[in-house]
>>> print(open('structure09.pdb').read())   # PDB, C-alpha atoms
ATOM      1  CA  MET T   8      -0.653   7.148 -11.805
ATOM      2  CA  GLY T   9       0.804  10.560 -12.129
ATOM      3  CA  THR T  10       3.584  11.381 -14.531
ATOM      4  CA  VAL T  11       5.904  12.469 -11.720
ATOM      5  CA  SER T  12       5.332   9.194  -9.851
ATOM      6  CA  ILE T  13       6.142   7.211 -12.989
ATOM      7  CA  ILE T  14       9.331   9.163 -13.710
ATOM      8  CA  VAL T  15      10.585   8.884 -10.128
ATOM      9  CA  THR T  16       9.780   5.171 -10.017
ATOM     10  CA  ALA T  17      11.582   4.533 -13.313
ATOM     11  CA  ALA T  18      14.613   6.523 -12.153
ATOM     12  CA  ILE T  19      14.837   4.524  -8.927
ATOM     13  CA  ALA T  20      14.420   1.193 -10.716
ATOM     14  CA  ALA T  21      16.975   2.127 -13.404
ATOM     15  CA  ARG T  22      19.686   2.479 -10.758
ATOM     16  CA  GLN T  23      19.783  -1.300 -10.332
ATOM     17  CA  TYR T  24      17.833  -2.911 -13.154
ATOM     18  CA  ARG T  25      17.425  -2.868 -16.916
ATOM     19  CA  LEU T  26      13.931  -1.606 -17.578
ATOM     20  CA  ALA T  27      11.135  -3.249 -19.525
ATOM     21  CA  MET T  28       8.362  -0.667 -19.814
ATOM     22  CA  LEU T  29       4.614  -1.160 -20.243
ATOM     23  CA  HIS T  30       2.081   1.221 -21.771
ATOM     24  CA  ALA T  31      -1.671   0.635 -21.804
ATOM     25  CA  SER T  32      -4.191   2.292 -24.090
ATOM     26  CA  TYR T  33      -7.643   1.947 -22.592
ATOM     27  CA  GLY T  34      -9.580   4.553 -24.498
ATOM     28  CA  GLN T  35      -8.447   7.368 -22.234
ATOM     29  CA  ARG T  36      -8.872  10.881 -23.557
ATOM     30  CA  THR T  37      -5.169  11.532 -22.976
ATOM     31  CA  GLN T  38      -4.101   8.418 -24.902
ATOM     32  CA  GLN T  39      -2.060  10.138 -27.624
ATOM     33  CA  ARG T  40      -0.124  12.315 -25.172
ATOM     34  CA  GLU T  41       0.476   9.366 -22.829
ATOM     35  CA  ARG T  42       1.805   7.202 -25.662
ATOM     36  CA  SER T  43       4.204   9.983 -26.675
ATOM     37  CA  ALA T  44       5.405  10.401 -23.073
ATOM     38  CA  PHE T  45       5.851   6.630 -22.783
ATOM     39  CA  ALA T  46       8.057   6.556 -25.897
ATOM     40  CA  SER T  47      10.149   9.459 -24.599
ATOM     41  CA  LEU T  48      10.607   7.866 -21.182
ATOM     42  CA  ALA T  49      11.428   4.462 -22.636
ATOM     43  CA  ASP T  50      14.049   6.137 -24.841
ATOM     44  CA  HIS T  51      15.457   8.173 -21.950
ATOM     45  CA  PHE T  52      15.810   5.142 -19.690
ATOM     46  CA  ALA T  53      17.020   2.921 -22.564
ATOM     47  CA  ALA T  54      14.313   0.330 -21.908
ATOM     48  CA  CYS T  55      15.423  -3.090 -23.115
ATOM     49  CA  CYS T  56      11.811  -4.089 -23.864
ATOM     50  CA  ARG T  57       8.581  -2.233 -24.477
ATOM     51  CA  LEU T  58       5.066  -3.585 -24.444
ATOM     52  CA  GLU T  59       2.029  -1.607 -25.547
ATOM     53  CA  VAL T  60      -1.277  -3.264 -24.675
ATOM     54  CA  ASP T  61      -4.729  -2.489 -26.029
ATOM     55  CA  LEU T  62      -7.302  -2.352 -23.252
ATOM     56  CA  THR T  63      -9.933  -0.379 -25.137
ATOM     57  CA  TRP T  64     -12.579  -2.744 -23.757
ATOM     58  CA  TRP T  65     -12.341  -0.526 -20.667
ATOM     59  CA  HIS T  66     -14.221   2.133 -22.592
ATOM     60  CA  GLY T  67     -17.264  -0.157 -22.485
ATOM     61  CA  ILE T  68     -17.156  -0.466 -18.706
ATOM     62  CA  GLY T  69     -17.762   3.243 -18.241
ATOM     63  CA  GLY T  70     -17.862   5.028 -14.934
ATOM     64  CA  SER T  71     -14.924   7.331 -15.631
ATOM     65  CA  SER T  72     -14.698  10.723 -17.251
ATOM     66  CA  LEU T  73     -11.313   9.615 -18.657
ATOM     67  CA  THR T  74     -12.971   7.004 -20.863
ATOM     68  CA  ASP T  75     -16.511   8.356 -21.307
ATOM     69  CA  ALA T  76     -16.732  11.531 -23.393
ATOM     70  CA  SER T  77     -20.293  12.139 -22.159
ATOM     71  CA  LEU T  78     -18.921  12.817 -18.663
ATOM     72  CA  PRO T  79     -17.198  16.140 -18.091
ATOM     73  CA  ILE T  80     -13.623  16.257 -16.798
ATOM     74  CA  PRO T  81     -13.895  18.284 -13.598
ATOM     75  CA  ASP T  82     -11.916  21.384 -12.736
ATOM     76  CA  GLY T  83     -10.164  21.161  -9.385
ATOM     77  CA  GLN T  84     -10.258  18.521  -6.706
ATOM     78  CA  PRO T  85     -13.323  16.519  -5.590
ATOM     79  CA  ALA T  86     -14.855  17.104  -2.177
ATOM     80  CA  ALA T  87     -13.107  15.354   0.710
ATOM     81  CA  GLY T  88     -13.927  11.661   0.765
ATOM     82  CA  GLN T  89     -15.329  11.691  -2.772
ATOM     83  CA  VAL T  90     -13.814   9.523  -5.519
ATOM     84  CA  PRO T  91     -12.844  11.672  -8.535
ATOM     85  CA  SER T  92     -14.844  11.157 -11.725
ATOM     86  CA  THR T  93     -11.499  10.499 -13.456
ATOM     87  CA  TYR T  94     -11.094   7.252 -11.487
ATOM     88  CA  VAL T  95     -10.984   4.252 -13.846
ATOM     89  CA  PRO T  96     -12.426   1.315 -11.867
ATOM     90  CA  PHE T  97      -9.699  -1.076 -10.682
ATOM     91  CA  ARG T  98      -7.249   0.141 -13.358
ATOM     92  CA  ASN T  99      -4.049  -0.193 -11.349
ATOM     93  CA  ALA T 100      -4.768  -3.773 -10.301
ATOM     94  CA  ASN T 101      -5.403  -4.706 -13.928
ATOM     95  CA  LEU T 102      -2.182  -3.012 -15.010
ATOM     96  CA  LEU T 103      -0.265  -4.857 -12.306
ATOM     97  CA  ALA T 104      -1.710  -8.189 -13.442
ATOM     98  CA  ILE T 105      -0.523  -7.509 -16.993
ATOM     99  CA  ALA T 106       2.880  -6.317 -15.780
ATOM    100  CA  VAL T 107       3.388  -9.380 -13.586
ATOM    101  CA  ALA T 108       2.381 -11.750 -16.385
ATOM    102  CA  TRP T 109       4.850 -10.035 -18.730
ATOM    103  CA  ALA T 110       7.552  -9.968 -16.037
ATOM    104  CA  GLU T 111       7.199 -13.722 -15.559
ATOM    105  CA  SER T 112       7.605 -14.331 -19.285
ATOM    106  CA  LEU T 113      10.724 -12.114 -19.327
ATOM    107  CA  GLY T 114      12.197 -13.711 -16.205
ATOM    108  CA  ALA T 115      12.190 -10.297 -14.512
ATOM    109  CA  ALA T 116      13.279  -9.979 -10.896
ATOM    110  CA  ARG T 117      11.027  -7.063  -9.913
ATOM    111  CA  VAL T 118       7.905  -5.133 -10.924
ATOM    112  CA  PHE T 119       7.664  -1.433 -10.089
ATOM    113  CA  ILE T 120       4.537   0.746 -10.212
ATOM    114  CA  GLY T 121       4.421   4.509  -9.729
ATOM    115  CA  VAL T 122       1.381   5.291  -7.603
ATOM    116  CA  HIS T 123       0.990   7.434  -4.521
ATOM    117  CA  ALA T 124      -1.407   6.442  -1.775
ATOM    118  CA  ALA T 125      -0.674   8.971   0.973
ATOM    119  CA  ASP T 126      -3.007  11.703  -0.219
ATOM    120  CA  SER T 127      -4.830  10.036  -3.089
ATOM    121  CA  ALA T 128      -8.591  10.009  -3.487
ATOM    122  CA  TYR T 129      -8.228   7.112  -5.946
ATOM    123  CA  PRO T 130      -9.270   3.797  -4.291
ATOM    124  CA  ASP T 131      -6.782   1.645  -6.225
ATOM    125  CA  CYS T 132      -3.710   3.588  -5.104
TER     126      CYS T 132
END
>>> encode(input="structure09.pdb", output="structure tokens")
Amino acid sequence: MGTVSIIVTAAIAARQYRLAMLHASYGQRTQQRERSAFASLADHFAACCRLEVDLTWWHGIGGSSLTDASLPIPDGQPAAGQVPSTYVPFRNANLLAIAVAWAESLGAARVFIGVHAADSAYPDC
């Protein structure tokens, strides 16, 4: 999920709904920056609820240069048809499962996710 996709999605959702915002820490190299951006966005959109979940078990799964420091983060785009090394296996589906479970407990009417599938090399988009 790109930052722009998340901001646009939150802005669209905020037009009609009070926002409850979710942040996941899964051992990603960008964790500190992402947490800071989450706090800023939640403040900006006056989120009524915030949930930060610890998914650091993902680090043990491996397979992604975002969670495995022994794998280099590539410069540029992967070759056509190739999954980027920064892909975290099945991350978005896991995040949706957590978001839906939380939404049910809150009595939320909708769940929004900011992903873009049109030109993405990431299989879970």
>>> closest_residue(input="structure09.pdb", among="T:Arg36, T:Thr63, T:Gly114, T:Ala108", to="T:Ser77", atoms="only C-alpha atoms")
T:Arg36
>>> atom_distance(input="structure09.pdb", atom1="atom CA of T:Tyr33", atom2="atom CA of T:Leu62")
4.4 Å
>>> residues_around(input="structure09.pdb", residues="T:Pro130", least_positions_apart="5", cutoff="9 Å", atoms="all atoms listed in the file", output="list in words")
Val90, Tyr94, Pro96, Phe97 and Ala124 of chain T
>>> closest_residue(input="structure09.pdb", among="T:Ala76, T:Ala104, T:Ala87, T:Ala53", to="T:Tyr24", atoms="all atoms listed in the file")
T:Ala53
>>> residues_around(input="structure09.pdb", residues="T:Gln84", least_positions_apart="2", cutoff="12 Å", atoms="only C-alpha atoms", output="ChimeraX atom specification")
/T:80-82,86-93,126-129
>>> closest_residue(input="structure09.pdb", among="T:Gly67, T:Leu73, T:Phe119, T:Ile13", to="T:Phe45", atoms="all atoms listed in the file")
T:Ile13
>>> atom_distance(input="structure09.pdb", atom1="atom CA of T:Ser47", atom2="atom CA of T:Asp75")
26.9 Å
>>> atom_distance(input="structure09.pdb", atom1="atom CA of T:Gly70", atom2="atom CA of T:Ala46")
28.2 Å
>>> closest_residue(input="structure09.pdb", among="T:Leu26, T:Cys132, T:Leu78, T:Ile68", to="T:Ala49", atoms="all atoms listed in the file")
T:Leu26
>>> residues_near_point(input="structure09.pdb", point="(8.3, 0.9, -21.0)", cutoff="6 Å", atoms="all atoms listed in the file", output="list in words")
Ala27, Met28, Leu29, Ala49 and Arg57 of chain T
>>> closest_residue(input="structure09.pdb", among="T:Thr74, T:Arg22, T:Pro85, T:Trp64", to="T:Thr37", atoms="all atoms listed in the file")
T:Thr74
>>> axis_aligned_box(input="structure09.pdb", around="stretch 45-58 of chain T", padding_each_side="3 Å", output="JSON")
{"center_x": 11.0, "center_y": 2.7, "center_z": -22.8, "size_x": 18.0, "size_y": 19.5, "size_z": 12.2}
>>> closest_residue(input="structure09.pdb", among="T:His66, T:Val60, T:Ile19, T:His51", to="T:Gly34", atoms="all atoms listed in the file")
T:His66
>>> decode(input="structure09.pdb", residues="stretch 18-54 of chain T", atoms="N, CA, C and O atoms", output="mmCIF file, in the first residue's frame")
data_model
loop_
_atom_site.group_PDB
_atom_site.id
_atom_site.type_symbol
_atom_site.label_atom_id
_atom_site.label_comp_id
_atom_site.auth_asym_id
_atom_site.auth_seq_id
_atom_site.Cartn_x
_atom_site.Cartn_y
_atom_site.Cartn_z
ATOM 1 N N ALA T 18 -9.148 10.188 2.733
ATOM 2 C CA ALA T 18 -9.870 11.419 2.399
ATOM 3 C C ALA T 18 -11.258 11.120 1.844
ATOM 4 O O ALA T 18 -12.241 11.782 2.204
ATOM 5 N N ILE T 19 -11.359 10.113 1.004
ATOM 6 C CA ILE T 19 -12.661 9.726 0.451
ATOM 7 C C ILE T 19 -13.567 9.197 1.557
ATOM 8 O O ILE T 19 -14.734 9.588 1.664
ATOM 9 N N ALA T 20 -13.043 8.330 2.386
ATOM 10 C CA ALA T 20 -13.851 7.743 3.471
ATOM 11 C C ALA T 20 -14.297 8.810 4.468
ATOM 12 O O ALA T 20 -15.430 8.778 4.963
ATOM 13 N N ALA T 21 -13.422 9.780 4.746
ATOM 14 C CA ALA T 21 -13.731 10.815 5.745
ATOM 15 C C ALA T 21 -14.858 11.734 5.312
ATOM 16 O O ALA T 21 -15.457 12.418 6.151
ATOM 17 N N ARG T 22 -15.186 11.746 4.038
ATOM 18 C CA ARG T 22 -16.299 12.578 3.561
ATOM 19 C C ARG T 22 -17.635 12.123 4.143
ATOM 20 O O ARG T 22 -18.539 12.927 4.311
ATOM 21 N N GLN T 23 -17.747 10.824 4.414
ATOM 22 C CA GLN T 23 -19.024 10.271 4.876
ATOM 23 C C GLN T 23 -18.970 9.586 6.227
ATOM 24 O O GLN T 23 -20.007 9.371 6.828
ATOM 25 N N TYR T 24 -17.786 9.203 6.674
ATOM 26 C CA TYR T 24 -17.690 8.364 7.866
ATOM 27 C C TYR T 24 -16.682 8.922 8.862
ATOM 28 O O TYR T 24 -15.718 9.574 8.486
ATOM 29 N N ARG T 25 -16.884 8.606 10.135
ATOM 30 C CA ARG T 25 -15.848 8.835 11.138
ATOM 31 C C ARG T 25 -14.832 7.722 10.943
ATOM 32 O O ARG T 25 -15.206 6.568 10.721
ATOM 33 N N LEU T 26 -13.574 8.039 11.040
ATOM 34 C CA LEU T 26 -12.545 7.051 10.750
ATOM 35 C C LEU T 26 -11.990 6.396 12.006
ATOM 36 O O LEU T 26 -11.706 7.060 12.993
ATOM 37 N N ALA T 27 -11.832 5.089 11.922
ATOM 38 C CA ALA T 27 -11.062 4.298 12.877
ATOM 39 C C ALA T 27 -9.878 3.802 12.049
ATOM 40 O O ALA T 27 -10.067 3.212 10.992
ATOM 41 N N MET T 28 -8.669 4.076 12.488
ATOM 42 C CA MET T 28 -7.498 3.794 11.656
ATOM 43 C C MET T 28 -6.596 2.736 12.280
ATOM 44 O O MET T 28 -6.373 2.733 13.488
ATOM 45 N N LEU T 29 -6.089 1.852 11.424
ATOM 46 C CA LEU T 29 -5.288 0.701 11.811
ATOM 47 C C LEU T 29 -3.856 0.868 11.319
ATOM 48 O O LEU T 29 -3.620 1.258 10.176
ATOM 49 N N HIS T 30 -2.907 0.552 12.194
ATOM 50 C CA HIS T 30 -1.495 0.510 11.809
ATOM 51 C C HIS T 30 -0.925 -0.841 12.230
ATOM 52 O O HIS T 30 -1.178 -1.317 13.335
ATOM 53 N N ALA T 31 -0.141 -1.438 11.350
ATOM 54 C CA ALA T 31 0.493 -2.722 11.653
ATOM 55 C C ALA T 31 2.013 -2.587 11.602
ATOM 56 O O ALA T 31 2.568 -2.047 10.645
ATOM 57 N N SER T 32 2.655 -3.083 12.619
ATOM 58 C CA SER T 32 4.114 -3.190 12.646
ATOM 59 C C SER T 32 4.441 -4.663 12.451
ATOM 60 O O SER T 32 4.036 -5.505 13.244
ATOM 61 N N TYR T 33 5.141 -4.954 11.366
ATOM 62 C CA TYR T 33 5.439 -6.353 11.061
ATOM 63 C C TYR T 33 6.934 -6.574 10.843
ATOM 64 O O TYR T 33 7.345 -7.490 10.132
ATOM 65 N N GLY T 34 7.717 -5.739 11.487
ATOM 66 C CA GLY T 34 9.161 -5.874 11.363
ATOM 67 C C GLY T 34 9.711 -5.241 10.104
ATOM 68 O O GLY T 34 10.861 -5.488 9.734
ATOM 69 N N GLN T 35 8.914 -4.405 9.458
ATOM 70 C CA GLN T 35 9.364 -3.751 8.235
ATOM 71 C C GLN T 35 10.461 -2.739 8.542
ATOM 72 O O GLN T 35 10.483 -2.131 9.592
ATOM 73 N N ARG T 36 11.370 -2.596 7.610
ATOM 74 C CA ARG T 36 12.490 -1.676 7.797
ATOM 75 C C ARG T 36 12.026 -0.230 7.956
ATOM 76 O O ARG T 36 12.718 0.577 8.566
ATOM 77 N N THR T 37 10.895 0.087 7.407
ATOM 78 C CA THR T 37 10.349 1.448 7.430
ATOM 79 C C THR T 37 9.384 1.661 8.592
ATOM 80 O O THR T 37 8.632 2.629 8.605
ATOM 81 N N GLN T 38 9.406 0.781 9.561
ATOM 82 C CA GLN T 38 8.425 0.764 10.652
ATOM 83 C C GLN T 38 8.317 2.101 11.396
ATOM 84 O O GLN T 38 7.218 2.589 11.640
ATOM 85 N N GLN T 39 9.428 2.688 11.763
ATOM 86 C CA GLN T 39 9.399 3.927 12.546
ATOM 87 C C GLN T 39 8.763 5.058 11.740
ATOM 88 O O GLN T 39 7.917 5.791 12.239
ATOM 89 N N ARG T 40 9.162 5.191 10.490
ATOM 90 C CA ARG T 40 8.600 6.242 9.631
ATOM 91 C C ARG T 40 7.110 6.005 9.388
ATOM 92 O O ARG T 40 6.304 6.941 9.391
ATOM 93 N N GLU T 41 6.722 4.758 9.164
ATOM 94 C CA GLU T 41 5.312 4.439 8.934
ATOM 95 C C GLU T 41 4.457 4.746 10.166
ATOM 96 O O GLU T 41 3.346 5.254 10.038
ATOM 97 N N ARG T 42 4.972 4.429 11.339
ATOM 98 C CA ARG T 42 4.224 4.716 12.570
ATOM 99 C C ARG T 42 4.035 6.220 12.735
ATOM 100 O O ARG T 42 2.967 6.687 13.130
ATOM 101 N N SER T 43 5.053 6.993 12.435
ATOM 102 C CA SER T 43 4.965 8.454 12.515
ATOM 103 C C SER T 43 3.935 8.988 11.516
ATOM 104 O O SER T 43 3.115 9.856 11.854
ATOM 105 N N ALA T 44 3.967 8.478 10.290
ATOM 106 C CA ALA T 44 2.994 8.904 9.275
ATOM 107 C C ALA T 44 1.576 8.517 9.690
ATOM 108 O O ALA T 44 0.630 9.295 9.512
ATOM 109 N N PHE T 45 1.422 7.335 10.254
ATOM 110 C CA PHE T 45 0.111 6.896 10.748
ATOM 111 C C PHE T 45 -0.430 7.874 11.785
ATOM 112 O O PHE T 45 -1.576 8.304 11.710
ATOM 113 N N ALA T 46 0.403 8.252 12.753
ATOM 114 C CA ALA T 46 -0.036 9.175 13.807
ATOM 115 C C ALA T 46 -0.439 10.516 13.205
ATOM 116 O O ALA T 46 -1.474 11.090 13.579
ATOM 117 N N SER T 47 0.341 11.001 12.253
ATOM 118 C CA SER T 47 0.021 12.284 11.612
ATOM 119 C C SER T 47 -1.296 12.209 10.843
ATOM 120 O O SER T 47 -2.119 13.127 10.919
ATOM 121 N N LEU T 48 -1.489 11.128 10.106
ATOM 122 C CA LEU T 48 -2.729 10.979 9.341
ATOM 123 C C LEU T 48 -3.933 10.799 10.258
ATOM 124 O O LEU T 48 -5.004 11.373 10.005
ATOM 125 N N ALA T 49 -3.784 10.027 11.304
ATOM 126 C CA ALA T 49 -4.884 9.835 12.244
ATOM 127 C C ALA T 49 -5.253 11.163 12.905
ATOM 128 O O ALA T 49 -6.443 11.470 13.096
ATOM 129 N N ASP T 50 -4.252 11.980 13.221
ATOM 130 C CA ASP T 50 -4.518 13.311 13.767
ATOM 131 C C ASP T 50 -5.224 14.183 12.732
ATOM 132 O O ASP T 50 -6.222 14.838 13.027
ATOM 133 N N HIS T 51 -4.697 14.205 11.528
ATOM 134 C CA HIS T 51 -5.260 15.046 10.462
ATOM 135 C C HIS T 51 -6.733 14.716 10.196
ATOM 136 O O HIS T 51 -7.552 15.618 10.032
ATOM 137 N N PHE T 52 -7.047 13.434 10.142
ATOM 138 C CA PHE T 52 -8.412 13.020 9.846
ATOM 139 C C PHE T 52 -9.269 12.856 11.104
ATOM 140 O O PHE T 52 -10.407 12.390 11.026
ATOM 141 N N ALA T 53 -8.728 13.237 12.246
ATOM 142 C CA ALA T 53 -9.446 13.180 13.529
ATOM 143 C C ALA T 53 -10.062 11.793 13.749
ATOM 144 O O ALA T 53 -11.249 11.661 14.049
ATOM 145 N N ALA T 54 -9.246 10.769 13.601
ATOM 146 C CA ALA T 54 -9.720 9.394 13.778
ATOM 147 C C ALA T 54 -10.331 9.228 15.169
ATOM 148 O O ALA T 54 -9.734 9.634 16.166
#
